[in-house]
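Notes for the one structure printed next.
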Amino acid sequence: MAGPLYIADAEGLRTVVLEGLAVLFHPRSGQTHIVAPPAPEILDALGEGATDLDGLVARLSERFEFDSNEGRPAIAARLGELETAGLVRRS
């Protein structure tokens, strides 16, 4: 059974990269977030459309070289943080 589907809540999201960090302004909430990799990469991958955690890991592993089994827990943790921040939602 597949897990929940996630999608980036990135409508109007503005991003500025500063020395390895990304500053994101989320107009819907009016909040500014400072995030480190892989958060911007996760948001970018979710911009392709809704997917579950396995699909997200697959998208990221196509773009970046990492062991998907070892990276999965870290990606899941970042995904949860992005959801708590309101930048990702379940669809």
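A note on labels: chains of the structure tokens are A, B, ... as shown, every chain counts residues from 1, and ligands are counted from 1 in their shown order.
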Spatial neighbours of stretch 53-66 of chain A, 9 Å, only C-alpha atoms, chain gap at least 4 places, as an mmCIF file with N, CA and C atoms, in the first residue's frame:
data_model
loop_
_atom_site.group_PDB
_atom_site.id
_atom_site.type_symbol
_atom_site.label_atom_id
_atom_site.label_comp_id
_atom_site.auth_asym_id
_atom_site.auth_seq_id
_atom_site.Cartn_x
_atom_site.Cartn_y
_atom_site.Cartn_z
ATOM 1 N N ALA A 2 0.580 2.172 -0.874
ATOM 2 C CA ALA A 2 1.330 3.418 -0.961
ATOM 3 C C ALA A 2 0.971 4.323 0.216
ATOM 4 N N GLY A 3 1.916 5.164 0.575
ATOM 5 C CA GLY A 3 1.681 6.111 1.659
ATOM 6 C C GLY A 3 0.933 7.326 1.152
ATOM 7 N N PRO A 4 0.817 8.341 1.994
ATOM 8 C CA PRO A 4 0.113 9.555 1.584
ATOM 9 C C PRO A 4 0.844 10.245 0.436
ATOM 10 N N LEU A 5 0.080 10.987 -0.354
ATOM 11 C CA LEU A 5 0.661 11.774 -1.436
ATOM 12 C C LEU A 5 0.944 13.177 -0.924
ATOM 13 N N TYR A 6 2.092 13.703 -1.310
ATOM 14 C CA TYR A 6 2.506 15.035 -0.892
ATOM 15 C C TYR A 6 2.642 15.928 -2.111
ATOM 16 N N GLU A 41 15.494 21.167 -2.695
ATOM 17 C CA GLU A 41 15.459 20.116 -3.707
ATOM 18 C C GLU A 41 14.177 19.283 -3.598
ATOM 19 N N ILE A 42 13.715 19.070 -2.374
ATOM 20 C CA ILE A 42 12.460 18.348 -2.157
ATOM 21 C C ILE A 42 11.295 19.167 -2.711
ATOM 22 N N ALA A 45 11.353 18.946 -6.477
ATOM 23 C CA ALA A 45 10.885 17.640 -6.954
ATOM 24 C C ALA A 45 9.372 17.499 -6.799
ATOM 25 N N LEU A 46 8.815 18.046 -5.735
ATOM 26 C CA LEU A 46 7.370 17.988 -5.547
ATOM 27 C C LEU A 46 6.634 18.920 -6.513
ATOM 28 N N GLU A 70 19.567 4.543 2.217
ATOM 29 C CA GLU A 70 20.144 5.315 3.317
ATOM 30 C C GLU A 70 19.555 6.724 3.379
ATOM 31 N N GLY A 71 19.223 7.305 2.232
ATOM 32 C CA GLY A 71 18.705 8.667 2.190
ATOM 33 C C GLY A 71 17.236 8.786 2.545
ATOM 34 N N ARG A 72 16.500 7.695 2.429
ATOM 35 C CA ARG A 72 15.056 7.720 2.654
ATOM 36 C C ARG A 72 14.668 8.288 4.022
ATOM 37 N N ILE A 75 15.150 12.087 4.015
ATOM 38 C CA ILE A 75 14.165 12.743 3.158
ATOM 39 C C ILE A 75 12.802 12.740 3.836
ATOM 40 N N ALA A 76 12.437 11.639 4.473
ATOM 41 C CA ALA A 76 11.163 11.563 5.198
ATOM 42 C C ALA A 76 11.122 12.594 6.324
ATOM 43 N N LEU A 79 10.737 16.043 4.786
ATOM 44 C CA LEU A 79 9.381 16.160 4.271
ATOM 45 C C LEU A 79 8.410 16.485 5.405
#
I'd like to know which residues of chain A are strand (DSSP E) (by DSSP, run on the backbone); could you write them as a PyMOL selection string? chain A and resi 6-8+14-18+21-26+31-35+88-90
Residues as selected, N, CA and C atoms, written as a JSON list (two decimals), in the first residue's frame, can you do that?
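Just written: again10.json:
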[["chain", "number", "residue", "atom", "x", "y", "z"],
["A", 6, "TYR", "N", 2.09, 13.70, -1.31],
["A", 6, "TYR", "CA", 2.51, 15.03, -0.89],
["A", 6, "TYR", "C", 2.64, 15.93, -2.11],
["A", 7, "ILE", "N", 2.40, 17.21, -1.91],
["A", 7, "ILE", "CA", 2.57, 18.21, -2.96],
["A", 7, "ILE", "C", 3.12, 19.48, -2.32],
["A", 8, "ALA", "N", 3.95, 20.18, -3.06],
["A", 8, "ALA", "CA", 4.50, 21.44, -2.54],
["A", 8, "ALA", "C", 3.42, 22.51, -2.58],
["A", 14, "ARG", "N", 8.73, 32.49, -3.19],
["A", 14, "ARG", "CA", 9.92, 33.20, -3.66],
["A", 14, "ARG", "C", 11.12, 32.66, -2.92],
["A", 15, "THR", "N", 12.19, 32.40, -3.67],
["A", 15, "THR", "CA", 13.39, 31.78, -3.10],
["A", 15, "THR", "C", 14.62, 32.62, -3.43],
["A", 16, "VAL", "N", 15.45, 32.82, -2.42],
["A", 16, "VAL", "CA", 16.75, 33.46, -2.59],
["A", 16, "VAL", "C", 17.78, 32.54, -1.93],
["A", 17, "VAL", "N", 18.84, 32.20, -2.68],
["A", 17, "VAL", "CA", 19.88, 31.33, -2.15],
["A", 17, "VAL", "C", 21.02, 32.20, -1.64],
["A", 18, "LEU", "N", 21.42, 31.95, -0.39],
["A", 18, "LEU", "CA", 22.50, 32.71, 0.26],
["A", 18, "LEU", "C", 23.46, 31.75, 0.93],
["A", 21, "LEU", "N", 22.29, 28.26, 1.93],
["A", 21, "LEU", "CA", 20.95, 28.20, 2.53],
["A", 21, "LEU", "C", 19.96, 28.84, 1.56],
["A", 22, "ALA", "N", 18.72, 28.48, 1.68],
["A", 22, "ALA", "CA", 17.68, 29.10, 0.87],
["A", 22, "ALA", "C", 16.72, 29.84, 1.80],
["A", 23, "VAL", "N", 16.42, 31.06, 1.44],
["A", 23, "VAL", "CA", 15.43, 31.86, 2.15],
["A", 23, "VAL", "C", 14.17, 31.83, 1.30],
["A", 24, "LEU", "N", 13.09, 31.32, 1.89],
["A", 24, "LEU", "CA", 11.84, 31.16, 1.17],
["A", 24, "LEU", "C", 10.78, 32.07, 1.75],
["A", 25, "PHE", "N", 10.12, 32.84, 0.90],
["A", 25, "PHE", "CA", 8.97, 33.61, 1.35],
["A", 25, "PHE", "C", 7.73, 32.91, 0.82],
["A", 26, "HIS", "N", 6.85, 32.54, 1.74],
["A", 26, "HIS", "CA", 5.62, 31.80, 1.42],
["A", 26, "HIS", "C", 4.46, 32.79, 1.53],
["A", 31, "GLN", "N", 4.92, 33.96, 5.82],
["A", 31, "GLN", "CA", 6.11, 33.61, 6.60],
["A", 31, "GLN", "C", 7.33, 33.47, 5.71],
["A", 32, "THR", "N", 8.47, 33.74, 6.31],
["A", 32, "THR", "CA", 9.76, 33.53, 5.66],
["A", 32, "THR", "C", 10.43, 32.36, 6.37],
["A", 33, "HIS", "N", 11.01, 31.46, 5.59],
["A", 33, "HIS", "CA", 11.66, 30.26, 6.12],
["A", 33, "HIS", "C", 13.10, 30.23, 5.62],
["A", 34, "ILE", "N", 14.01, 29.84, 6.47],
["A", 34, "ILE", "CA", 15.39, 29.61, 6.09],
["A", 34, "ILE", "C", 15.61, 28.11, 6.14],
["A", 35, "VAL", "N", 15.97, 27.52, 4.99],
["A", 35, "VAL", "CA", 16.10, 26.07, 4.90],
["A", 35, "VAL", "C", 17.44, 25.71, 4.28],
["A", 88, "VAL", "N", 4.61, 22.11, 2.41],
["A", 88, "VAL", "CA", 4.20, 20.87, 1.77],
["A", 88, "VAL", "C", 2.88, 20.46, 2.41],
["A", 89, "ARG", "N", 1.99, 19.91, 1.59],
["A", 89, "ARG", "CA", 0.73, 19.42, 2.14],
["A", 89, "ARG", "C", 0.41, 18.07, 1.53],
["A", 90, "ARG", "N", -0.45, 17.36, 2.20],
["A", 90, "ARG", "CA", -0.91, 16.07, 1.66],
["A", 90, "ARG", "C", -2.06, 16.36, 0.71]]
From the options A:Gly12, A:Gly47, A:Gly20, A:Pro37, which residue's atoms come nearest to A:Ala74, counting only C-alpha atoms?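 Counting only C-alpha atoms, the residue closest to A:Ala74 is A:Pro37.
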Which of stretch 8-71 of chain A DSSP labels alpha helix (DSSP H), written as number ranges by chain: A: 39-46, 53-63, 68-71
